[in-house]
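Participant: Below is work_37.txt; it holds compact mmCIF, C-alpha atoms and all ligand atoms.
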# COMPACT_ATOMS: atom_id res chain seq x y z
CA MET H 1 -3.12 -6.70 -27.01
CA GLY H 2 -4.40 -3.66 -28.89
CA HIS H 3 -4.12 -5.55 -32.15
CA LEU H 4 -5.90 -8.56 -30.63
CA LEU H 5 -8.77 -6.34 -29.47
CA TYR H 6 -8.99 -4.73 -32.89
CA THR H 7 -9.08 -8.08 -34.68
CA LEU H 8 -11.82 -9.26 -32.32
CA GLY H 9 -13.92 -6.24 -33.29
CA GLN H 10 -13.63 -4.48 -29.93
CA VAL H 11 -12.37 -1.28 -31.56
CA ASN H 12 -14.32 0.22 -34.43
CA LYS H 13 -12.71 1.02 -37.77
CA LYS H 14 -13.25 4.77 -37.38
CA THR H 15 -11.39 4.91 -34.07
CA MET H 16 -8.60 2.77 -35.47
CA HIS H 17 -8.33 5.08 -38.47
CA LYS H 18 -8.07 8.06 -36.13
CA TYR H 19 -5.29 6.39 -34.10
CA GLU H 20 -3.47 5.56 -37.29
CA GLN H 21 -3.61 9.16 -38.56
CA GLU H 22 -2.70 10.72 -35.23
CA SER H 23 0.15 8.33 -34.43
CA LYS H 24 1.49 8.89 -37.95
CA LYS H 25 1.50 12.63 -37.35
CA LEU H 26 3.69 12.11 -34.28
CA GLY H 27 5.98 9.78 -36.23
CA LYS H 28 4.82 6.88 -34.04
CA GLN H 29 2.68 4.88 -36.43
CA SER H 30 4.04 1.60 -35.16
CA PHE H 31 2.31 2.44 -31.86
CA MET H 32 -1.20 2.74 -33.32
CA TYR H 33 -2.37 -0.51 -31.72
CA ALA H 34 -0.71 0.35 -28.41
CA TRP H 35 -2.92 3.48 -28.31
CA ILE H 36 -6.00 1.27 -27.89
CA LEU H 37 -4.86 0.58 -24.33
CA ASP H 38 -2.54 3.52 -23.72
CA GLU H 39 -5.07 6.31 -23.61
CA THR H 40 -3.32 9.24 -21.94
CA GLY H 41 -1.24 11.84 -23.79
CA GLU H 42 1.84 11.07 -21.73
CA GLU H 43 1.60 7.33 -22.32
CA ARG H 44 1.27 7.98 -26.04
CA SER H 45 4.08 10.49 -26.32
CA ARG H 46 6.45 8.34 -24.26
CA GLY H 47 5.29 5.16 -25.96
CA ILE H 48 4.93 3.25 -22.69
CA THR H 49 2.07 2.05 -20.52
CA MET H 50 2.00 3.81 -17.14
CA ASP H 51 -1.33 2.95 -15.60
CA VAL H 52 -3.38 -0.24 -15.81
CA GLY H 53 -5.61 -0.17 -18.91
CA GLN H 54 -8.76 -2.24 -18.83
CA SER H 55 -10.86 -3.74 -21.60
CA LYS H 56 -12.95 -6.75 -22.36
CA PHE H 57 -13.25 -9.42 -25.01
CA GLU H 58 -14.71 -12.86 -25.49
CA THR H 59 -13.24 -16.19 -26.49
CA HIS H 60 -15.27 -19.30 -27.39
CA THR H 61 -15.76 -20.22 -23.74
CA LYS H 62 -14.99 -17.14 -21.69
CA ILE H 63 -15.64 -13.46 -21.11
CA VAL H 64 -12.20 -12.01 -20.40
CA THR H 65 -11.29 -8.82 -18.57
CA LEU H 66 -7.93 -7.65 -19.82
CA LEU H 67 -5.78 -5.62 -17.45
CA ASP H 68 -2.90 -4.19 -19.43
CA ALA H 69 -0.15 -3.58 -16.88
CA PRO H 70 2.93 -1.45 -17.48
CA GLY H 71 6.23 -3.12 -18.28
CA HIS H 72 8.59 -0.29 -17.35
CA LYS H 73 10.22 -0.65 -13.95
CA ASP H 74 9.23 2.85 -12.81
CA PHE H 75 5.61 1.71 -12.79
CA ILE H 76 5.90 -1.59 -10.94
CA PRO H 77 3.44 -0.46 -8.22
CA ASN H 78 0.80 -0.12 -10.97
CA MET H 79 1.83 -3.45 -12.38
CA ILE H 80 1.29 -4.98 -8.92
CA THR H 81 -2.19 -3.40 -8.80
CA GLY H 82 -2.97 -5.14 -12.07
CA ALA H 83 -1.37 -8.42 -11.07
CA THR H 84 -3.17 -8.69 -7.73
CA GLN H 85 -6.48 -8.67 -9.61
CA ALA H 86 -5.39 -11.24 -12.17
CA ASP H 87 -6.50 -14.87 -12.36
CA VAL H 88 -4.01 -15.73 -15.08
CA ALA H 89 -1.23 -13.81 -16.80
CA ILE H 90 0.22 -13.24 -20.24
CA LEU H 91 3.92 -12.40 -20.17
CA VAL H 92 5.09 -10.68 -23.34
CA VAL H 93 8.74 -10.95 -24.29
CA ASP H 94 10.49 -9.38 -27.24
CA ALA H 95 12.21 -11.98 -29.43
CA THR H 96 14.46 -9.41 -31.15
CA ARG H 97 18.12 -10.30 -30.68
CA GLY H 98 19.50 -8.47 -27.68
CA GLU H 99 16.07 -7.31 -26.52
CA PHE H 100 15.03 -10.60 -24.94
CA GLU H 101 18.46 -10.82 -23.31
CA THR H 102 18.16 -7.30 -21.85
CA GLY H 103 14.77 -8.09 -20.35
CA PHE H 104 15.97 -11.41 -18.99
CA GLU H 105 19.17 -10.19 -17.35
CA MET H 106 19.29 -9.68 -13.59
CA GLU H 107 18.12 -6.06 -13.76
CA GLY H 108 15.60 -6.64 -16.55
CA GLN H 109 11.86 -6.72 -16.04
CA THR H 110 11.04 -10.18 -17.40
CA ARG H 111 12.22 -12.00 -14.28
CA GLU H 112 10.72 -9.49 -11.88
CA HIS H 113 7.31 -9.60 -13.57
CA ALA H 114 7.27 -13.40 -13.65
CA LEU H 115 8.25 -13.62 -9.97
CA LEU H 116 5.70 -10.98 -9.00
CA VAL H 117 2.75 -12.63 -10.71
CA ARG H 118 3.72 -16.02 -9.30
CA SER H 119 4.10 -14.57 -5.79
CA LEU H 120 0.71 -12.92 -6.14
CA GLY H 121 -0.87 -16.31 -6.71
CA VAL H 122 -1.09 -16.53 -10.49
CA ASN H 123 -0.21 -20.05 -11.57
CA GLN H 124 -1.29 -20.23 -15.21
CA LEU H 125 0.88 -18.31 -17.62
CA GLY H 126 0.87 -17.70 -21.35
CA VAL H 127 4.21 -16.49 -22.68
CA VAL H 128 3.96 -14.47 -25.88
CA VAL H 129 7.24 -14.65 -27.75
CA ASN H 130 6.53 -11.46 -29.67
CA LYS H 131 8.20 -9.70 -32.60
CA LEU H 132 9.28 -12.99 -34.13
CA ASP H 133 8.90 -11.19 -37.48
CA THR H 134 12.14 -9.34 -36.68
CA VAL H 135 14.08 -12.61 -36.73
CA GLY H 136 12.38 -14.10 -39.79
CA TRP H 137 10.21 -16.47 -37.71
CA ASN H 138 13.32 -18.40 -36.78
CA GLN H 139 12.47 -21.60 -34.92
CA ASP H 140 15.86 -21.77 -33.19
CA ARG H 141 15.34 -18.32 -31.72
CA PHE H 142 11.89 -19.33 -30.45
CA GLN H 143 13.31 -22.52 -28.90
CA GLU H 144 16.20 -20.63 -27.34
CA ILE H 145 13.74 -18.33 -25.56
CA VAL H 146 11.48 -21.24 -24.55
CA GLY H 147 14.51 -23.04 -23.10
CA LYS H 148 15.91 -20.13 -21.10
CA LEU H 149 12.61 -18.78 -19.87
CA GLY H 150 11.14 -22.23 -19.24
CA THR H 151 13.94 -23.14 -16.85
CA PHE H 152 13.59 -19.86 -15.02
CA LEU H 153 9.79 -20.13 -14.75
CA ARG H 154 10.03 -23.63 -13.28
CA GLN H 155 12.45 -22.31 -10.66
CA ALA H 156 10.00 -19.48 -9.95
CA GLY H 157 7.37 -22.09 -9.09
CA PHE H 158 5.32 -22.43 -12.28
CA ARG H 159 4.35 -25.96 -13.28
CA GLU H 160 5.56 -26.82 -16.77
CA SER H 161 2.07 -27.91 -17.82
CA ASP H 162 0.66 -24.52 -16.75
CA VAL H 163 2.95 -22.48 -19.01
CA THR H 164 2.28 -22.17 -22.76
CA PHE H 165 4.67 -20.41 -25.14
CA VAL H 166 3.17 -18.87 -28.26
CA PRO H 167 5.05 -17.27 -31.18
CA CYS H 168 3.40 -14.00 -32.31
CA SER H 169 3.75 -10.68 -33.99
CA GLY H 170 1.72 -7.97 -32.35
CA LEU H 171 2.50 -5.55 -35.15
CA THR H 172 1.37 -7.70 -38.08
CA GLY H 173 -1.20 -9.60 -36.01
CA ILE H 174 0.21 -13.01 -36.90
CA ASN H 175 -0.98 -15.85 -34.63
CA LEU H 176 -2.93 -13.56 -32.32
CA VAL H 177 -6.50 -14.53 -33.23
CA ASN H 178 -6.45 -16.37 -36.55
CA PRO H 179 -4.28 -19.38 -37.42
CA PRO H 180 -1.09 -18.13 -39.08
CA THR H 181 -0.71 -17.86 -42.83
CA GLU H 182 2.97 -16.94 -42.62
CA GLU H 183 4.85 -19.72 -44.45
CA LYS H 184 8.01 -19.44 -42.37
CA LEU H 185 6.05 -20.01 -39.18
CA LEU H 186 3.88 -22.78 -40.62
CA GLU H 187 7.03 -24.73 -41.48
CA TRP H 188 7.54 -25.54 -37.81
CA TYR H 189 4.59 -24.35 -35.73
CA LYS H 190 1.31 -26.24 -35.33
CA GLY H 191 0.33 -24.94 -31.88
CA PRO H 192 -2.36 -22.60 -30.58
CA THR H 193 -2.93 -18.93 -31.37
CA LEU H 194 -2.77 -16.44 -28.50
CA LEU H 195 -6.59 -16.43 -28.34
CA ASP H 196 -6.57 -20.24 -28.07
CA VAL H 197 -4.08 -20.03 -25.19
CA ILE H 198 -6.41 -17.63 -23.37
CA ASP H 199 -9.43 -19.79 -24.15
CA ASN H 200 -7.64 -22.86 -22.74
CA PHE H 201 -6.92 -21.32 -19.33
CA ARG H 202 -8.83 -23.05 -16.54
CA ALA H 203 -11.37 -20.78 -14.88
CA PRO H 204 -10.50 -20.26 -11.20
CA GLU H 205 -12.82 -21.14 -8.34
CA ARG H 206 -14.45 -18.09 -6.78
CA PRO H 207 -14.71 -17.78 -2.99
CA ILE H 208 -18.32 -16.59 -3.10
CA THR H 209 -19.34 -18.17 0.21
CA LYS H 210 -16.80 -16.19 2.26
CA PRO H 211 -17.67 -12.80 3.84
CA PHE H 212 -17.72 -9.88 1.41
CA ARG H 213 -14.46 -8.01 0.65
CA LEU H 214 -13.81 -5.52 -2.14
CA SER H 215 -10.46 -3.79 -2.54
CA VAL H 216 -10.63 -0.17 -3.68
CA ASN H 217 -8.51 0.42 -6.78
CA ASP H 218 -9.90 3.74 -7.92
CA ILE H 219 -12.19 6.51 -6.63
CA PHE H 220 -14.05 8.95 -8.84
CA LYS H 221 -17.05 11.28 -8.96
CA GLY H 222 -20.07 9.59 -10.43
CA THR H 223 -22.85 11.23 -12.42
CA GLY H 224 -25.52 11.28 -9.71
CA SER H 225 -25.35 11.62 -5.95
CA GLY H 226 -22.60 9.97 -3.91
CA PHE H 227 -19.34 8.90 -5.54
CA CYS H 228 -17.95 5.77 -7.12
CA ILE H 229 -15.19 3.37 -6.36
CA SER H 230 -13.97 0.61 -8.59
CA GLY H 231 -12.20 -2.59 -7.74
CA ARG H 232 -12.56 -6.30 -7.62
CA VAL H 233 -14.87 -8.28 -5.39
CA GLU H 234 -12.30 -10.57 -3.75
CA THR H 235 -14.68 -12.73 -1.72
CA GLY H 236 -18.40 -13.04 -1.14
CA LEU H 237 -20.97 -10.94 -2.94
CA VAL H 238 -22.43 -7.46 -2.82
CA GLU H 239 -25.92 -6.21 -3.58
CA THR H 240 -27.46 -2.81 -4.17
CA GLY H 241 -28.77 -1.53 -0.84
CA ASP H 242 -26.16 -3.39 1.25
CA LYS H 243 -24.57 -1.67 4.21
CA VAL H 244 -20.81 -2.12 4.15
CA LEU H 245 -17.93 -1.25 6.44
CA VAL H 246 -15.06 0.77 4.97
CA GLN H 247 -11.78 -0.34 6.54
CA PRO H 248 -9.38 0.72 8.02
CA GLN H 249 -11.46 3.92 8.28
CA ASN H 250 -14.09 2.01 10.31
CA GLU H 251 -17.00 3.90 8.75
CA MET H 252 -20.27 2.56 7.42
CA ALA H 253 -21.48 3.25 3.89
CA VAL H 254 -24.37 2.17 1.71
CA ILE H 255 -24.09 0.64 -1.75
CA LYS H 256 -26.40 2.75 -3.94
CA ALA H 257 -25.60 1.06 -7.23
CA VAL H 258 -23.45 -1.69 -8.67
CA THR H 259 -22.19 -1.68 -12.25
CA ILE H 260 -20.13 -4.21 -14.17
CA ASP H 261 -18.68 -2.98 -17.48
CA ASP H 262 -20.86 0.14 -17.30
CA VAL H 263 -24.04 -1.94 -17.05
CA HIS H 264 -26.16 -1.67 -13.90
CA THR H 265 -26.68 -4.89 -12.03
CA SER H 266 -28.16 -5.70 -8.65
CA ILE H 267 -25.50 -8.12 -7.45
CA ALA H 268 -21.79 -8.82 -8.00
CA TYR H 269 -19.80 -11.87 -6.96
CA ALA H 270 -16.20 -12.70 -6.06
CA GLY H 271 -14.03 -12.28 -9.14
CA ASP H 272 -16.16 -9.50 -10.68
CA GLN H 273 -14.56 -6.17 -11.57
CA VAL H 274 -17.12 -3.62 -10.44
CA SER H 275 -17.87 0.03 -9.87
CA VAL H 276 -20.08 0.79 -6.92
CA THR H 277 -21.73 4.05 -5.95
CA LEU H 278 -21.37 4.77 -2.25
CA SER H 279 -23.35 7.06 0.00
CA GLY H 280 -23.25 7.81 3.72
CA ILE H 281 -19.51 8.47 3.68
CA GLU H 282 -17.40 11.41 2.51
CA MET H 283 -15.33 10.86 -0.61
CA GLN H 284 -12.19 12.16 1.13
CA ASN H 285 -12.56 9.45 3.79
CA VAL H 286 -11.96 6.67 1.28
CA SER H 287 -8.54 5.95 -0.23
CA VAL H 288 -7.13 3.59 -2.80
CA GLY H 289 -6.15 0.41 -0.97
CA TYR H 290 -9.07 0.51 1.45
CA ILE H 291 -11.38 -2.49 1.73
CA LEU H 292 -15.17 -2.52 1.70
CA CYS H 293 -16.36 -5.45 3.77
CA ASP H 294 -19.16 -7.28 5.51
CA THR H 295 -20.34 -5.39 8.61
CA THR H 296 -20.72 -8.46 10.82
CA GLN H 297 -17.55 -10.24 9.73
CA PRO H 298 -15.17 -7.36 8.98
CA ILE H 299 -11.64 -7.72 7.66
CA PRO H 300 -8.93 -7.60 10.37
CA VAL H 301 -7.13 -4.25 10.72
CA THR H 302 -3.64 -4.21 12.17
CA SER H 303 -0.24 -2.54 12.18
CA ARG H 304 1.68 -5.61 13.30
CA PHE H 305 1.69 -9.06 11.76
CA GLU H 306 3.85 -12.09 11.12
CA ALA H 307 4.56 -13.44 7.65
CA ARG H 308 6.44 -16.05 5.71
CA ILE H 309 8.54 -14.34 3.11
CA VAL H 310 10.51 -15.40 0.08
CA VAL H 311 13.50 -13.10 -0.35
CA PHE H 312 14.38 -12.27 -3.96
CA ASN H 313 17.76 -11.62 -5.49
CA ILE H 314 18.73 -8.73 -3.18
CA LYS H 315 22.08 -6.99 -2.93
CA VAL H 316 21.88 -5.81 0.69
CA PRO H 317 20.87 -8.47 3.26
CA ILE H 318 17.72 -7.79 5.30
CA THR H 319 18.37 -7.00 8.96
CA LYS H 320 16.09 -6.13 11.88
CA GLY H 321 14.76 -2.58 11.50
CA PHE H 322 14.84 -2.73 7.70
CA SER H 323 12.46 -0.17 6.12
CA VAL H 324 10.29 -1.36 3.25
CA ILE H 325 7.19 -0.41 1.28
CA LEU H 326 4.42 -2.93 1.79
CA HIS H 327 2.32 -3.53 -1.33
CA HIS H 328 -0.97 -5.20 -0.52
CA GLN H 329 -3.62 -5.13 -3.25
CA SER H 330 -3.56 -1.47 -4.38
CA LEU H 331 -2.18 -0.21 -1.10
CA SER H 332 1.42 0.92 -0.64
CA GLU H 333 2.36 1.61 2.96
CA GLN H 334 5.60 2.31 4.83
CA ALA H 335 6.63 -0.61 7.04
CA VAL H 336 9.54 -1.90 9.05
CA ILE H 337 10.74 -5.47 9.45
CA THR H 338 10.72 -5.46 13.23
CA LYS H 339 11.74 -9.05 13.92
CA LEU H 340 13.57 -11.81 12.08
CA VAL H 341 11.78 -14.76 13.66
CA ALA H 342 13.31 -17.69 11.80
CA GLN H 343 15.07 -18.71 8.65
CA LEU H 344 13.36 -21.58 6.83
CA HIS H 345 14.61 -24.35 4.60
CA LYS H 346 13.75 -23.37 1.01
CA SER H 347 11.97 -26.56 0.01
CA SER H 348 10.91 -28.28 3.25
CA GLY H 349 9.91 -25.08 5.06
CA GLU H 350 11.52 -26.34 8.29
CA VAL H 351 13.19 -23.87 10.62
CA VAL H 352 16.94 -23.93 9.99
CA LYS H 353 17.80 -21.04 12.30
CA ARG H 354 15.88 -19.13 14.97
CA ARG H 355 16.39 -15.36 15.22
CA PRO H 356 18.88 -15.06 12.36
CA ARG H 357 21.03 -11.91 12.28
CA CYS H 358 20.20 -11.25 8.62
CA LEU H 359 18.42 -12.69 5.59
CA VAL H 360 20.39 -13.05 2.40
CA LYS H 361 19.18 -13.30 -1.20
CA ASN H 362 16.96 -16.21 -2.22
CA SER H 363 16.23 -17.26 1.35
CA ASN H 364 12.89 -18.06 3.03
CA ALA H 365 11.99 -16.75 6.46
CA VAL H 366 9.39 -15.84 9.04
CA VAL H 367 9.45 -12.16 9.97
CA GLU H 368 7.38 -9.67 11.91
CA LEU H 369 6.34 -6.44 10.20
CA THR H 370 5.03 -3.18 11.62
CA THR H 371 3.27 -0.70 9.34
CA SER H 372 3.25 3.04 9.96
CA ARG H 373 -0.56 3.12 9.69
CA PRO H 374 -3.14 0.38 10.25
CA VAL H 375 -3.78 -1.81 7.20
CA CYS H 376 -6.42 -4.41 6.28
CA LEU H 377 -5.06 -7.93 6.00
CA GLU H 378 -6.30 -11.49 6.09
CA LEU H 379 -4.46 -14.62 7.09
CA TYR H 380 -3.31 -16.37 3.96
CA ARG H 381 -4.96 -19.59 5.09
CA ASP H 382 -8.35 -17.82 5.38
CA VAL H 383 -8.38 -15.63 2.26
CA LYS H 384 -5.48 -16.17 -0.14
CA GLU H 385 -6.33 -13.09 -2.19
CA LEU H 386 -5.94 -10.76 0.80
CA GLY H 387 -3.22 -12.65 2.63
CA ARG H 388 -0.44 -11.96 0.13
CA PHE H 389 1.84 -8.97 -0.21
CA MET H 390 5.07 -7.73 -1.74
CA LEU H 391 7.91 -5.78 -0.17
CA ARG H 392 9.83 -3.19 -2.15
CA VAL H 393 12.77 -0.90 -1.37
CA GLY H 394 13.97 1.96 -3.58
CA GLY H 395 11.91 0.80 -6.54
CA VAL H 396 13.05 -2.83 -6.35
CA THR H 397 10.95 -5.76 -5.20
CA ILE H 398 12.89 -7.54 -2.47
CA ALA H 399 10.41 -10.12 -1.21
CA ALA H 400 6.96 -11.64 -1.45
CA GLY H 401 5.06 -12.76 1.61
CA LEU H 402 2.07 -14.58 3.08
CA VAL H 403 0.39 -13.38 6.27
CA THR H 404 0.60 -16.11 8.93
CA GLN H 405 -0.41 -14.25 12.10
CA ILE H 406 -2.17 -10.95 12.82
CA PHE H 407 -1.45 -9.26 16.19
N1 LIG W 1 8.41 -5.55 -35.43
C1 LIG W 1 7.51 -5.67 -34.47
N2 LIG W 1 7.27 -4.62 -33.66
C2 LIG W 1 6.35 -4.77 -32.70
C3 LIG W 1 5.65 -5.97 -32.50
N3 LIG W 1 4.81 -5.83 -31.42
C4 LIG W 1 4.97 -4.57 -30.98
N4 LIG W 1 5.90 -3.93 -31.74
C5 LIG W 1 6.34 -2.54 -31.57
O1 LIG W 1 6.93 -2.36 -30.29
C6 LIG W 1 6.64 -1.04 -29.81
C7 LIG W 1 6.15 -1.13 -28.36
O2 LIG W 1 4.84 -1.66 -28.36
P1 LIG W 1 3.90 -1.60 -27.05
O3 LIG W 1 2.66 -2.31 -27.38
O4 LIG W 1 3.80 -0.18 -26.56
O5 LIG W 1 4.79 -2.43 -26.05
P2 LIG W 1 4.51 -2.80 -24.52
O6 LIG W 1 5.19 -4.06 -24.24
O7 LIG W 1 3.06 -2.69 -24.23
O8 LIG W 1 5.31 -1.68 -23.73
P3 LIG W 1 4.88 -0.93 -22.38
O9 LIG W 1 3.72 -0.09 -22.81
O10 LIG W 1 6.04 -0.10 -21.97
O11 LIG W 1 4.48 -1.97 -21.40
C8 LIG W 1 5.69 -0.42 -30.82
O12 LIG W 1 6.42 0.39 -31.70
C9 LIG W 1 5.13 -1.62 -31.56
O13 LIG W 1 4.75 -1.34 -32.88
C10 LIG W 1 5.95 -7.07 -33.37
O14 LIG W 1 5.41 -8.16 -33.25
N5 LIG W 1 6.88 -6.85 -34.32
Output the file's structure as structure tokens, nothing else.
Facilitator:
Amino acid sequence: MGHLLYTLGQVNKKTMHKYEQESKKLGKQSFMYAWILDETGEERSRGITMDVGQSKFETHTKIVTLLDAPGHKDFIPNMITGATQADVAILVVDATRGEFETGFEMEGQTREHALLVRSLGVNQLGVVVNKLDTVGWNQDRFQEIVGKLGTFLRQAGFRESDVTFVPCSGLTGINLVNPPTEEKLLEWYKGPTLLDVIDNFRAPERPITKPFRLSVNDIFKGTGSGFCISGRVETGLVETGDKVLVQPQNEMAVIKAVTIDDVHTSIAYAGDQVSVTLSGIEMQNVSVGYILCDTTQPIPVTSRFEARIVVFNIKVPITKGFSVILHHQSLSEQAVITKLVAQLHKSSGEVVKRRPRCLVKNSNAVVELTTSRPVCLELYRDVKELGRFMLRVGGVTIAAGLVTQIF
């Protein structure tokens, strides 16, 4: 993605030259493009993304916000933060022999990432089959990956027509932005570049007529009075001067300023990534994961709710009293599965068993959850974006869920 941004002119030559020199000094020159999005010293020295990097670029038909999410399994909570804000996703796999296989095995991250983005509501996917230069642009290798991953993605709930595979080399830049000149690739590939794939995504519909909700992803001191929070407007719209309710804190605040991409604006709509300056509330009373919302139609706050869950490939069956971490937007909160209400048929959704003793891998169920502190949730049928969540245990995602009832 760093190389794509550079080719699109989003990074100036001087900065790129600096990254090249500095990465060379550390013996990590091959990471010079990764440094465009990995900005912290630790990310650069370890050579991995840890937090969500954000940047912007344009295609023929769209202005795109890129959220570069970490791939390493230690940073899945950050990846979830990125994925919950995403309309579409690009899944990058390494075509090098052995590397794709490692990522695709049971414990690898390729499956988990694909399942997570699908469970979080992303249904259009571009799959970058990267590093094809390491296998001499071999068509059979590309097809092998398309075959294996394609089958898995269909099982994960992606429609075949919504998934596009694209052969690339992030290092050399081949087939990222410009049509390839590499002879070995041209022999068999006539498809889109990565930028074309992004340009061809359908723009999602924005729920701008629903009551205002903004999920807080970051909090920081601004330059003037008050402080700033950044996040995505999930539903509705927000204007400078608006009074908003900060939940679950149940405190009022005033929007002093709204900025999108560092430019002041008076109004922001559902789907916009924004920073807003808040006043009338103490900075320490706002946390990541909180929701700013409409004062007359506030978001429900609860510690007990019912949900339909899809259980992933777990080793230990889920029983009543099971402790989990609930991931909802940017929030992670301790929770307990307090009731196993019913086990459902995987495809029809009909109840196959009431009050099951346990839930095994790959099953569907209705459960009741209790969180240790109140959280902001919506019913999935009212606001999809705020009615979804993930459950994790010991660093592993065990289930994805939809809120069906709030108590
Ligand atoms: N040979 C080759 N190497 C590549 C290619 N793309 C990336 N690399 C190298 O792979 C390494 C990892 O690149 P990153 O961009 O940090 O990979 P990432 O997938 O973002 O990894 P995380 O930051 O952990 O999510 C760097 O040394 C890159 O130069 C490619 O197409 N061909």
Participant: So for region 138-153 of chain H, what box centre and size do we get, axis-aligned, 4 Å extra on each of the six sides, every listed atom, Å to one decimal, as lines of an AutoDock Vina configuration file?
Facilitator:
center_x = 13.0
center_y = -20.7
center_z = -25.8
size_x = 14.4
size_y = 12.8
size_z = 30.0
Participant: I need every residue sitting at most 12 Å from the point (3.7, -9.6, -21.8) (coordinates as in the file, only C-alpha atoms considered), written as a PDB file with C-alpha atoms, in the frame of the given file.
Facilitator:
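Output below, filename point.pdb:
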ATOM      1  CA  MET H   1      -3.120  -6.700 -27.010  1.00  0.00           C
ATOM      2  CA  THR H  49       2.070   2.050 -20.520  1.00  0.00           C
ATOM      3  CA  LEU H  66      -7.930  -7.650 -19.820  1.00  0.00           C
ATOM      4  CA  LEU H  67      -5.780  -5.620 -17.450  1.00  0.00           C
ATOM      5  CA  ASP H  68      -2.900  -4.190 -19.430  1.00  0.00           C
ATOM      6  CA  ALA H  69      -0.150  -3.580 -16.880  1.00  0.00           C
ATOM      7  CA  PRO H  70       2.930  -1.450 -17.480  1.00  0.00           C
ATOM      8  CA  GLY H  71       6.230  -3.120 -18.280  1.00  0.00           C
ATOM      9  CA  HIS H  72       8.590  -0.290 -17.350  1.00  0.00           C
ATOM     10  CA  MET H  79       1.830  -3.450 -12.380  1.00  0.00           C
ATOM     11  CA  ALA H  83      -1.370  -8.420 -11.070  1.00  0.00           C
ATOM     12  CA  VAL H  88      -4.010 -15.730 -15.080  1.00  0.00           C
ATOM     13  CA  ALA H  89      -1.230 -13.810 -16.800  1.00  0.00           C
ATOM     14  CA  ILE H  90       0.220 -13.240 -20.240  1.00  0.00           C
ATOM     15  CA  LEU H  91       3.920 -12.400 -20.170  1.00  0.00           C
ATOM     16  CA  VAL H  92       5.090 -10.680 -23.340  1.00  0.00           C
ATOM     17  CA  VAL H  93       8.740 -10.950 -24.290  1.00  0.00           C
ATOM     18  CA  ASP H  94      10.490  -9.380 -27.240  1.00  0.00           C
ATOM     19  CA  ALA H  95      12.210 -11.980 -29.430  1.00  0.00           C
ATOM     20  CA  PHE H 100      15.030 -10.600 -24.940  1.00  0.00           C
ATOM     21  CA  GLY H 103      14.770  -8.090 -20.350  1.00  0.00           C
ATOM     22  CA  GLN H 109      11.860  -6.720 -16.040  1.00  0.00           C
ATOM     23  CA  THR H 110      11.040 -10.180 -17.400  1.00  0.00           C
ATOM     24  CA  ARG H 111      12.220 -12.000 -14.280  1.00  0.00           C
ATOM     25  CA  HIS H 113       7.310  -9.600 -13.570  1.00  0.00           C
ATOM     26  CA  ALA H 114       7.270 -13.400 -13.650  1.00  0.00           C
ATOM     27  CA  VAL H 117       2.750 -12.630 -10.710  1.00  0.00           C
ATOM     28  CA  LEU H 125       0.880 -18.310 -17.620  1.00  0.00           C
ATOM     29  CA  GLY H 126       0.870 -17.700 -21.350  1.00  0.00           C
ATOM     30  CA  VAL H 127       4.210 -16.490 -22.680  1.00  0.00           C
ATOM     31  CA  VAL H 128       3.960 -14.470 -25.880  1.00  0.00           C
ATOM     32  CA  VAL H 129       7.240 -14.650 -27.750  1.00  0.00           C
ATOM     33  CA  ASN H 130       6.530 -11.460 -29.670  1.00  0.00           C
ATOM     34  CA  LYS H 131       8.200  -9.700 -32.600  1.00  0.00           C
ATOM     35  CA  PHE H 165       4.670 -20.410 -25.140  1.00  0.00           C
ATOM     36  CA  VAL H 166       3.170 -18.870 -28.260  1.00  0.00           C
ATOM     37  CA  CYS H 168       3.400 -14.000 -32.310  1.00  0.00           C
ATOM     38  CA  GLY H 170       1.720  -7.970 -32.350  1.00  0.00           C
ATOM     39  CA  LEU H 194      -2.770 -16.440 -28.500  1.00  0.00           C
TER      40      LEU H 194
END
Participant: So which residues fall inside 10 Å of (-7.9, 3.5, -33.3) if we count only C-alpha atoms? Mind giving them as a PyMOL selection string?
Facilitator: chain H and resi 2-3+6+11-23+32-37
Participant: When distances are computed from only C-alpha atoms, which of H:Gly9, H:Arg46, H:Ala253, H:Arg206 shows the smallest separation from Leu26 (chain H)?
Facilitator: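 Looking at the shortest contact to Leu26 (chain H), the residue is H:Arg46.
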Participant: Can you work out the spacing between CA of Ile281 (chain H) and CA of Thr296 (chain H) in Å, to one decimal?
Facilitator: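 Computing the Euclidean distance for CA of Ile281 (chain H) and CA of Thr296 (chain H) yields 18.4 Å.
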Participant: Between CA of Glu107 (chain H) and CA of His327 (chain H), measure the distance and give it in Å to one decimal.
Facilitator: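 Interatomic distance, CA of Glu107 (chain H) to CA of His327 (chain H): 20.3 Å.
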Participant: Just want the 12 Å neighbourhood of Arg159 (chain H), counted on only C-alpha atoms, with same-chain residues fewer than 2 positions away dropped. Output as a ChimeraX atom specification.
Facilitator: /H:118,122-125,150-157,161-164
Participant: Could you name the residues that touch Thr209 (chain H) at 12 Å or less, counting only C-alpha atoms, but leaving out those on the same chain fewer than 3 positions away, as a list in words?
Facilitator: Glu205, Arg206, Phe212, Arg213, Glu234, Thr235, Gly236, Leu237, Val238, Tyr269, Ala270 and Val383 of chain H
Participant: Go through H:Arg202, H:Lys256, H:Lys315, H:Lys210 and flag the residue nearest Val393 (chain H), using only C-alpha atoms for the distances.
Facilitator: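 Checking each of H:Arg202, H:Lys256, H:Lys315, H:Lys210 against Val393 (chain H), counting only C-alpha atoms, the winner is H:Lys315.
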Participant: Report, in Å with one decimal, the straight-line distance from CA of Gly47 (chain H) to CA of Lys28 (chain H).
Facilitator: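 Rounded to one decimal, the two atoms are 8.3 Å apart.
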